[in-house]
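Scroll down for the structure; my scribbles are underneath it.
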Amino acid sequence: MYPADRRYTKDHEWIKVDGAVGTVGITDYAQQELGDVVFVEMPKPGAAVKAGQSFGTVESVKAVSEIFSPVTGEVTENNPVLVDAPEKINSDPHSSAWLVKVKLTDPQEVASLMDAAAYEAYVAEKAKEH
Amino acid sequence: MVNFGGWDMPLEYSGILAEHDAVRSRAGLFDVSHMGELEITGPQAINLVQWVSCNNAAKLAQGQIHYSGLMTSRGTFVDDLLVHKISDAHYLLCVNASNQDADFAHIAENNKFDARVENTGSRYTQLAVQGPCAAGIVQKLTPLDLSPIRYYHFAFGKVSGVDCLIARTGYTGEDGFELYFAPEFSEKLWNDLTEAGKPFNMIPCGLGARNTLRLEAGMCLYGHEIDDTTTPWEAGLAWICKMEKAPFLGSDVLAEQKQNGLPRKLVGFEMLDKRIGRDGYSVSIAGKEAGRVTSGCPSPSLKRNIGMAYVPPDSTALGKELEINIRGQAAAARIVPLPFYKRP
C-alpha cells in the first residue's frame, strides 16, 4: 500500500528524496480522511520551509487541513496540476498529485522519519481509534 | 463515523460529492433516526403549539406540515422544527437530535394548557429518500398512491409492510420523503429501500452531503445560522414568524425588534476567491470587522464556494463585497440571493 521508496510523517505527509531534492505529498490515509479535495494552497518556489511547520493547506468539501513540511529547506517547485485538478489528490496521492519539491538543507533529516512499514503500523493504530 | 449530538453517524459513505450529486440528479437514502420527535396531544394541544412556536399552526390542515421555531421568552430559537398536524388534538414535532431533551423540558415548562407533551423519539426511526427519483422509489414499496401527497404534507400508510408516517419533506432542496416508523423495522426498511432504489442508482448519503445540500437550498442549521441568541427576523425567517397570532413566547420582544430594527441579518455569499469561507470565520466590510460566517462549503451543484454570514442590517445589499478572514488573510466574497439553489 505505502511505497517503500520514501519516508512518512505523523501528520501524514510523505517525502521521496532524490539527491538533494525531496518530493512531498500527502498519504493515501490523509486523502481518505479528508474526503473530496477541492482546493490546495502550496508555497511558491523560493519559499523557505521548516520541518514540522505548516506550509500550506488542503481543503476538502468538509474541512480544511494544514500540511506540515517533513523537512527544512527551500521550495523549488509546486505541482501546477493541482491548481485546476485538486481532486487528483484523492485518486493519485502517492504519485502525480505530489505537492512540492524541496531542496533539503540537511539530507540526513529524513532519516528520523518513519519508513513504510512503521507508517503502515502507525495508521493501523489510528484506524483502530475510529 | 462522527459523533453528532450523541449519535454515531456516518459523515460520508462513497464521498460527499458523489452523494450530493446522487440527490440532485437521482436519489439518496439518509438514515436520520437521530432526529427527535415530540408529541403534543389533548383538547388544548393547539394552544400549546401556538404558545411555544412562532409559525401559525392554526392554519395547518390535518395532514399538513410546516417549518417553525420553538421560541424562548426572548424571541430566540430553542430549536427549529417541523410541526405535523395529525388531528386537532395531536401534533407531532420533529426536532433536532441534540436539542430533543431541552425542547421537551421547555415545552413542558410552558405547558399551561390542557395538553400533554411526550418525548417519543425512541418510538421512531426516520429514513429520508431524497431526490427527483424519490417518489418512484418509495411508490414501489407502498400500495398508497403518493402523488396526491403534496410538498409539506403527509399520510399514513404501509411501506414494505411497515406502518409509516410518510411525509413529503426533506432537508436537501429536492423532492423527497421522510418516513417515520417503529425502530424494530429500521434494518428491514433500509434494506428494502436500498433494493428498490437500485434501478435508480440511489446511494446511501451521510451528514456531509446533508450539509452541502441544505446549505445550497439556503436552509438554516441549528447551532450555525440559528441558536438561542438569534431571532427569526435576523435569520431571514420572517416567513415562519406570524405576529398576527400573538401573544406567543417571545412575541413582545419580536414586536419590539421589528419596530426598533435588527442588530444583524443573515445573508448568502459566494467567494470571489478560491478559498472557502467556513463556519466561525470573521467577516469585514471595508476593512472593519462586521460579522461572522455561520456555514460555508464548496457548492457541488453550482461549482462555487458559498456560505451564509451575519452582517450589519445596512450591509445586506446584493452584490455588496465582503472580506472573509481566512487564516489571517482577507478573501473577497460578495452577497448573493438565497437560496443558492432551487430545484428545476
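Please note that chains go A, B, ... in the order of the C-alpha cells, that every chain numbers its residues from 1, and that ligands are numbered from 1 in the order shown.
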Once you count only C-alpha atoms, what closest atom pair and distance in Å to one decimal does each residue of chain B within 7 Å of chain A have, with rows by chain and rising residue number, as CSV?
residue,atom,partner,partner_atom,distance
B:Gly15,CA,A:Gly35,CA,6.4
B:Ile16,CA,A:Asp36,CA,6.9
B:Leu17,CA,A:Asp36,CA,6.8
B:Gly208,CA,A:Lys62,CA,6.6
B:Cys297,CA,A:Val61,CA,6.2
B:Pro298,CA,A:Val61,CA,6.0
Could you please take those selected residues and save C-alpha atoms as a short mmCIF file (atom, residue, chain, number, x, y, z; two decimals), in the first residue's frame?
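Ended up saving to again01.cif:
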data_model
loop_
_atom_site.label_atom_id
_atom_site.label_comp_id
_atom_site.auth_asym_id
_atom_site.auth_seq_id
_atom_site.Cartn_x
_atom_site.Cartn_y
_atom_site.Cartn_z
CA GLY B 15 -17.89 10.55 -0.82
CA ILE B 16 -19.72 13.83 -0.26
CA LEU B 17 -19.56 14.94 -3.91
CA GLY B 208 -21.59 15.65 4.89
CA CYS B 297 -18.72 24.96 1.77
CA PRO B 298 -17.93 24.36 -1.85
#
Q) Excluding same-chain residues fewer than 5 positions from segment 119-122 of chain A, what lies within 8 Å of it counting only C-alpha atoms, as a PyMOL selection string? A) chain A and resi 2+8-10+114
Now that the selection is made, can you save its residues with N, CA and C atoms as an mmCIF file, in the first residue's frame?
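Ended up saving to out_23.cif:
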data_model
loop_
_atom_site.group_PDB
_atom_site.id
_atom_site.type_symbol
_atom_site.label_atom_id
_atom_site.label_comp_id
_atom_site.auth_asym_id
_atom_site.auth_seq_id
_atom_site.Cartn_x
_atom_site.Cartn_y
_atom_site.Cartn_z
ATOM 1 N N TYR A 2 1.764 1.381 1.021
ATOM 2 C CA TYR A 2 2.617 2.562 1.106
ATOM 3 C C TYR A 2 3.994 2.263 0.514
ATOM 4 N N TYR A 8 7.798 8.866 5.856
ATOM 5 C CA TYR A 8 6.458 9.367 6.219
ATOM 6 C C TYR A 8 6.474 10.109 7.546
ATOM 7 N N THR A 9 5.557 11.084 7.680
ATOM 8 C CA THR A 9 5.452 11.832 8.942
ATOM 9 C C THR A 9 4.203 11.409 9.703
ATOM 10 N N LYS A 10 4.167 11.787 10.979
ATOM 11 C CA LYS A 10 2.982 11.515 11.795
ATOM 12 C C LYS A 10 1.790 12.359 11.353
ATOM 13 N N MET A 114 9.432 8.121 9.579
ATOM 14 C CA MET A 114 9.054 6.699 9.536
ATOM 15 C C MET A 114 9.281 6.100 8.152
#
Q. Can you list every residue in segment 132-308 of chain B that DSSP puts in strand (DSSP E or B), as a PyMOL selection string?
A. chain B and resi 153-159+162-167+176-181+203-205+222+226+265-271+282-285+288-299+304-308
Selection export as a short mmCIF file (atom, residue, chain, number, x, y, z; two decimals), in the first residue's frame, atoms kept: N, CA and C atoms:
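Final file, part.cif:
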data_model
loop_
_atom_site.label_atom_id
_atom_site.label_comp_id
_atom_site.auth_asym_id
_atom_site.auth_seq_id
_atom_site.Cartn_x
_atom_site.Cartn_y
_atom_site.Cartn_z
N HIS B 153 -46.79 17.87 3.17
CA HIS B 153 -47.98 17.15 3.62
C HIS B 153 -47.56 15.72 3.92
N PHE B 154 -48.42 14.98 4.63
CA PHE B 154 -48.08 13.60 4.95
C PHE B 154 -49.33 12.73 4.94
N ALA B 155 -49.09 11.42 4.94
CA ALA B 155 -50.19 10.46 5.04
C ALA B 155 -49.65 9.25 5.80
N PHE B 156 -50.57 8.46 6.35
CA PHE B 156 -50.16 7.21 6.99
C PHE B 156 -50.34 6.09 5.99
N GLY B 157 -49.39 5.19 5.96
CA GLY B 157 -49.52 4.07 5.03
C GLY B 157 -48.43 3.05 5.29
N LYS B 158 -48.54 1.91 4.63
CA LYS B 158 -47.52 0.88 4.80
C LYS B 158 -46.45 1.03 3.72
N VAL B 159 -45.20 0.99 4.14
CA VAL B 159 -44.09 0.95 3.20
C VAL B 159 -43.38 -0.37 3.48
N VAL B 162 -44.57 -2.05 6.51
CA VAL B 162 -44.34 -1.43 7.81
C VAL B 162 -45.18 -0.14 7.92
N ASP B 163 -45.88 0.02 9.03
CA ASP B 163 -46.68 1.23 9.23
C ASP B 163 -45.78 2.45 9.32
N CYS B 164 -46.05 3.43 8.47
CA CYS B 164 -45.21 4.63 8.42
C CYS B 164 -46.05 5.90 8.39
N LEU B 165 -45.47 6.94 8.92
CA LEU B 165 -45.94 8.28 8.61
C LEU B 165 -45.06 8.70 7.43
N ILE B 166 -45.71 8.96 6.30
CA ILE B 166 -44.98 9.25 5.06
C ILE B 166 -45.10 10.74 4.79
N ALA B 167 -44.02 11.47 5.03
CA ALA B 167 -44.06 12.93 4.90
C ALA B 167 -43.27 13.35 3.67
N GLY B 176 -38.88 14.72 -2.05
CA GLY B 176 -38.47 13.53 -1.30
C GLY B 176 -39.42 13.23 -0.16
N PHE B 177 -39.12 12.13 0.50
CA PHE B 177 -39.98 11.67 1.59
C PHE B 177 -39.16 11.40 2.84
N GLU B 178 -39.78 11.68 3.98
CA GLU B 178 -39.20 11.29 5.26
C GLU B 178 -40.20 10.31 5.89
N LEU B 179 -39.69 9.13 6.20
CA LEU B 179 -40.54 8.06 6.73
C LEU B 179 -40.30 7.90 8.22
N TYR B 180 -41.35 7.96 8.99
CA TYR B 180 -41.27 7.78 10.45
C TYR B 180 -41.92 6.44 10.77
N PHE B 181 -41.20 5.57 11.49
CA PHE B 181 -41.75 4.25 11.78
C PHE B 181 -41.05 3.64 13.00
N ILE B 203 -28.03 5.99 -3.82
CA ILE B 203 -26.94 5.58 -2.93
C ILE B 203 -27.18 6.11 -1.52
N PRO B 204 -26.57 5.47 -0.51
CA PRO B 204 -26.69 5.99 0.86
C PRO B 204 -25.89 7.28 1.01
N CYS B 205 -26.42 8.20 1.79
CA CYS B 205 -25.80 9.51 1.96
C CYS B 205 -25.63 9.83 3.43
N TYR B 222 -29.40 24.51 13.06
CA TYR B 222 -29.33 24.95 14.45
C TYR B 222 -27.89 24.84 14.94
N ILE B 226 -28.89 29.62 13.36
CA ILE B 226 -29.82 29.97 14.43
C ILE B 226 -29.42 29.30 15.75
N LYS B 265 -28.16 40.73 10.28
CA LYS B 265 -29.05 39.99 9.39
C LYS B 265 -28.25 38.92 8.64
N LEU B 266 -28.90 37.79 8.41
CA LEU B 266 -28.23 36.69 7.72
C LEU B 266 -28.26 36.93 6.21
N VAL B 267 -27.12 36.73 5.56
CA VAL B 267 -27.07 36.85 4.09
C VAL B 267 -26.36 35.62 3.51
N GLY B 268 -26.57 35.43 2.23
CA GLY B 268 -25.83 34.41 1.50
C GLY B 268 -24.65 35.09 0.81
N PHE B 269 -23.54 34.38 0.70
CA PHE B 269 -22.41 34.95 -0.04
C PHE B 269 -21.77 33.89 -0.93
N GLU B 270 -21.07 34.38 -1.95
CA GLU B 270 -20.21 33.47 -2.71
C GLU B 270 -18.81 34.04 -2.70
N MET B 271 -17.83 33.15 -2.68
CA MET B 271 -16.44 33.59 -2.64
C MET B 271 -16.01 34.05 -4.03
N SER B 282 -14.35 35.34 10.66
CA SER B 282 -14.90 36.68 10.80
C SER B 282 -15.04 37.34 9.42
N VAL B 283 -16.01 38.26 9.36
CA VAL B 283 -16.32 38.96 8.12
C VAL B 283 -16.05 40.45 8.34
N SER B 284 -15.36 41.07 7.40
CA SER B 284 -15.14 42.51 7.47
C SER B 284 -15.76 43.17 6.25
N ILE B 285 -16.12 44.44 6.44
CA ILE B 285 -16.59 45.23 5.31
C ILE B 285 -15.74 46.49 5.30
N LYS B 288 -13.32 46.80 8.16
CA LYS B 288 -13.81 46.86 9.54
C LYS B 288 -14.59 45.59 9.87
N GLU B 289 -14.28 44.98 11.02
CA GLU B 289 -14.97 43.73 11.38
C GLU B 289 -16.47 43.96 11.47
N ALA B 290 -17.24 43.09 10.79
CA ALA B 290 -18.67 43.36 10.64
C ALA B 290 -19.55 42.17 10.97
N GLY B 291 -18.97 40.98 11.10
CA GLY B 291 -19.83 39.84 11.37
C GLY B 291 -19.08 38.53 11.30
N ARG B 292 -19.82 37.46 11.09
CA ARG B 292 -19.25 36.12 11.18
C ARG B 292 -19.93 35.16 10.21
N VAL B 293 -19.14 34.25 9.67
CA VAL B 293 -19.69 33.21 8.80
C VAL B 293 -20.37 32.16 9.69
N THR B 294 -21.55 31.70 9.26
CA THR B 294 -22.27 30.67 10.03
C THR B 294 -22.09 29.28 9.42
N SER B 295 -21.98 29.23 8.10
CA SER B 295 -21.75 27.96 7.39
C SER B 295 -21.08 28.31 6.07
N GLY B 296 -20.23 27.41 5.59
CA GLY B 296 -19.64 27.63 4.29
C GLY B 296 -19.12 26.34 3.72
N CYS B 297 -19.22 26.19 2.41
CA CYS B 297 -18.72 24.96 1.77
C CYS B 297 -18.59 25.19 0.28
N PRO B 298 -17.88 24.30 -0.40
CA PRO B 298 -17.93 24.36 -1.85
C PRO B 298 -19.30 23.85 -2.27
N SER B 299 -19.94 24.53 -3.22
CA SER B 299 -21.24 24.08 -3.68
C SER B 299 -21.03 23.12 -4.84
N ARG B 304 -19.24 26.71 -7.09
CA ARG B 304 -18.73 27.93 -6.48
C ARG B 304 -18.64 27.67 -4.98
N ASN B 305 -17.88 28.49 -4.29
CA ASN B 305 -17.81 28.35 -2.84
C ASN B 305 -18.82 29.31 -2.22
N ILE B 306 -19.73 28.74 -1.43
CA ILE B 306 -20.85 29.52 -0.92
C ILE B 306 -20.85 29.50 0.61
N GLY B 307 -21.68 30.36 1.17
CA GLY B 307 -21.82 30.36 2.62
C GLY B 307 -22.88 31.33 3.07
N MET B 308 -23.14 31.32 4.38
CA MET B 308 -24.05 32.29 4.97
C MET B 308 -23.31 32.98 6.10
#
Q: For segment 44-47 of chain A, work out the shell of residues within 7 Å, counting only C-alpha atoms and skipping chain neighbours fewer than 3 positions away, then give it as a PyMOL selection string.
A: chain A and resi 74-78
Q: Based on DSSP run over this structure's backbone, return all residues of segment 66-100 of chain A in alpha helix (DSSP H), as a ChimeraX atom specification.
A: /A:81-84,88-91
Restrict the selected residues to N, CA and C atoms and save them as a PDB file, in the first residue's frame.
ATOM      1  N   VAL A  81      -0.452  20.957 -11.600  1.00  0.00           N
ATOM      2  CA  VAL A  81      -1.622  20.119 -11.908  1.00  0.00           C
ATOM      3  C   VAL A  81      -2.723  20.306 -10.858  1.00  0.00           C
ATOM      4  N   LEU A  82      -2.297  20.535  -9.610  1.00  0.00           N
ATOM      5  CA  LEU A  82      -3.277  20.595  -8.517  1.00  0.00           C
ATOM      6  C   LEU A  82      -4.091  21.877  -8.489  1.00  0.00           C
ATOM      7  N   VAL A  83      -3.633  22.894  -9.239  1.00  0.00           N
ATOM      8  CA  VAL A  83      -4.368  24.151  -9.254  1.00  0.00           C
ATOM      9  C   VAL A  83      -5.753  23.942  -9.873  1.00  0.00           C
ATOM     10  N   ASP A  84      -5.787  23.246 -10.996  1.00  0.00           N
ATOM     11  CA  ASP A  84      -7.074  23.021 -11.648  1.00  0.00           C
ATOM     12  C   ASP A  84      -7.672  21.653 -11.369  1.00  0.00           C
ATOM     13  N   LYS A  88      -7.080  15.240  -7.910  1.00  0.00           N
ATOM     14  CA  LYS A  88      -6.036  14.238  -8.170  1.00  0.00           C
ATOM     15  C   LYS A  88      -5.442  13.722  -6.858  1.00  0.00           C
ATOM     16  N   ILE A  89      -5.517  14.558  -5.815  1.00  0.00           N
ATOM     17  CA  ILE A  89      -5.001  14.131  -4.507  1.00  0.00           C
ATOM     18  C   ILE A  89      -5.770  12.902  -4.022  1.00  0.00           C
ATOM     19  N   ASN A  90      -7.059  12.833  -4.362  1.00  0.00           N
ATOM     20  CA  ASN A  90      -7.842  11.663  -3.968  1.00  0.00           C
ATOM     21  C   ASN A  90      -7.516  10.435  -4.806  1.00  0.00           C
ATOM     22  N   SER A  91      -7.249  10.653  -6.098  1.00  0.00           N
ATOM     23  CA  SER A  91      -7.075   9.494  -6.969  1.00  0.00           C
ATOM     24  C   SER A  91      -5.629   9.015  -7.057  1.00  0.00           C
TER      25      SER A  91
END
Met42 of chain A: which residues within 9 Å, counting only C-alpha atoms, same-chain residues fewer than 4 positions away excluded, as a CSV table (one decimal) with C-alpha atoms, in the first residue's frame?
chain,number,residue,atom,x,y,z
A,55,PHE,CA,3.5,25.3,4.7
A,56,GLY,CA,0.1,25.1,3.1
A,57,THR,CA,-3.5,23.8,3.3
A,58,VAL,CA,-5.6,21.2,1.6
A,67,ILE,CA,0.1,20.4,5.6
A,78,ASN,CA,5.0,23.3,-6.7
A,79,ASN,CA,2.6,21.0,-8.6
A,99,LEU,CA,2.6,18.9,-3.7
A,100,VAL,CA,6.0,20.5,-3.7
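Near segment 102-107 of chain A, within a cut-off of 9 Å and counting only C-alpha atoms, sit the residues Val17, Gly19, Ala20, Val21, Gly22, Thr23, Val24, Pro45, Ala48, Val49, Val71, Thr72, Gly73, Glu74, Val75, Thr76 and Glu77 of chain A, with same-chain residues fewer than 6 positions away left out.
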Atoms to include: C-alpha atoms. Write the selected residues as a CSV table (one decimal), in the first residue's frame.
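That gives us part.csv:
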chain,number,residue,atom,x,y,z
A,17,VAL,CA,14.4,12.1,-1.8
A,19,GLY,CA,19.8,13.6,-4.3
A,20,ALA,CA,19.4,16.9,-2.6
A,21,VAL,CA,15.7,17.3,-3.5
A,22,GLY,CA,12.7,15.8,-1.8
A,23,THR,CA,9.3,15.5,-3.4
A,24,VAL,CA,6.5,16.0,-0.8
A,45,PRO,CA,9.2,28.4,-5.4
A,48,ALA,CA,11.7,28.6,3.0
A,49,VAL,CA,10.1,25.7,4.8
A,71,VAL,CA,11.9,18.7,6.2
A,72,THR,CA,13.7,22.0,6.3
A,73,GLY,CA,14.7,23.6,3.0
A,74,GLU,CA,13.7,25.7,0.1
A,75,VAL,CA,10.8,25.1,-2.2
A,76,THR,CA,11.9,24.6,-5.8
A,77,GLU,CA,8.6,23.7,-7.5
Please identify all polymer residues within 6 Å of Phe68 of chain A, counting only C-alpha atoms, omitting same-chain residues fewer than 3 positions from it, and present them as a tab-separated table (two decimals) with N, CA and C atoms, in the first residue's frame.
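Final file, result.tsv:
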chain	number	residue	atom	x	y	z
A	52	GLY	N	8.23	20.25	10.29
A	52	GLY	CA	7.19	20.29	11.30
A	52	GLY	C	6.32	21.52	11.27
A	53	GLN	N	6.67	22.47	10.38
A	53	GLN	CA	5.85	23.69	10.32
A	53	GLN	C	4.91	23.68	9.13
A	54	SER	N	3.77	24.31	9.32
A	54	SER	CA	2.74	24.35	8.29
A	54	SER	C	3.25	25.11	7.07
A	55	PHE	N	3.06	24.53	5.88
A	55	PHE	CA	3.47	25.27	4.68
A	55	PHE	C	2.35	25.41	3.66
Q. Which polymer residues have any atom within 10 Å of an atom of Ala330 of chain B, counting only C-alpha atoms, with same-chain residues fewer than 4 positions away left out, as a list in words?
A. Asp273, Ser282, Val283, Ser284, Gly287, Leu322, Glu323, Ile324, Asn325 and Ile326 of chain B
Write the residues you've just listed into a file as a PDB file, in the first residue's frame, and include N, CA and C atoms for each of them.
ATOM      1  N   ASP B 273     -12.834  34.307  -4.308  1.00  0.00           N
ATOM      2  CA  ASP B 273     -11.504  33.756  -4.075  1.00  0.00           C
ATOM      3  C   ASP B 273     -11.673  32.241  -4.160  1.00  0.00           C
ATOM      4  N   SER B 282     -14.347  35.337  10.661  1.00  0.00           N
ATOM      5  CA  SER B 282     -14.899  36.680  10.797  1.00  0.00           C
ATOM      6  C   SER B 282     -15.042  37.338   9.424  1.00  0.00           C
ATOM      7  N   VAL B 283     -16.006  38.259   9.360  1.00  0.00           N
ATOM      8  CA  VAL B 283     -16.324  38.964   8.118  1.00  0.00           C
ATOM      9  C   VAL B 283     -16.045  40.446   8.339  1.00  0.00           C
ATOM     10  N   SER B 284     -15.361  41.065   7.398  1.00  0.00           N
ATOM     11  CA  SER B 284     -15.141  42.510   7.467  1.00  0.00           C
ATOM     12  C   SER B 284     -15.759  43.168   6.248  1.00  0.00           C
ATOM     13  N   GLY B 287     -12.647  46.775   5.505  1.00  0.00           N
ATOM     14  CA  GLY B 287     -11.567  46.714   6.489  1.00  0.00           C
ATOM     15  C   GLY B 287     -12.013  46.689   7.943  1.00  0.00           C
ATOM     16  N   LEU B 322     -17.746  41.573   0.610  1.00  0.00           N
ATOM     17  CA  LEU B 322     -17.353  41.251   1.980  1.00  0.00           C
ATOM     18  C   LEU B 322     -15.919  40.747   1.935  1.00  0.00           C
ATOM     19  N   GLU B 323     -15.213  40.914   3.047  1.00  0.00           N
ATOM     20  CA  GLU B 323     -13.903  40.272   3.158  1.00  0.00           C
ATOM     21  C   GLU B 323     -14.022  39.222   4.249  1.00  0.00           C
ATOM     22  N   ILE B 324     -13.616  38.025   3.905  1.00  0.00           N
ATOM     23  CA  ILE B 324     -13.682  36.956   4.892  1.00  0.00           C
ATOM     24  C   ILE B 324     -12.268  36.631   5.341  1.00  0.00           C
ATOM     25  N   ASN B 325     -12.114  36.641   6.629  1.00  0.00           N
ATOM     26  CA  ASN B 325     -10.786  36.432   7.193  1.00  0.00           C
ATOM     27  C   ASN B 325     -10.472  34.940   7.226  1.00  0.00           C
ATOM     28  N   ILE B 326      -9.641  34.514   6.272  1.00  0.00           N
ATOM     29  CA  ILE B 326      -9.287  33.100   6.185  1.00  0.00           C
ATOM     30  C   ILE B 326      -7.828  32.934   6.581  1.00  0.00           C
TER      31      ILE B 326
END
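Across A:Glu33, A:His94, A:Ala118, A:Ala124, the tightest approach to Lys16 of chain A is made by A:His94 when counting only C-alpha atoms.
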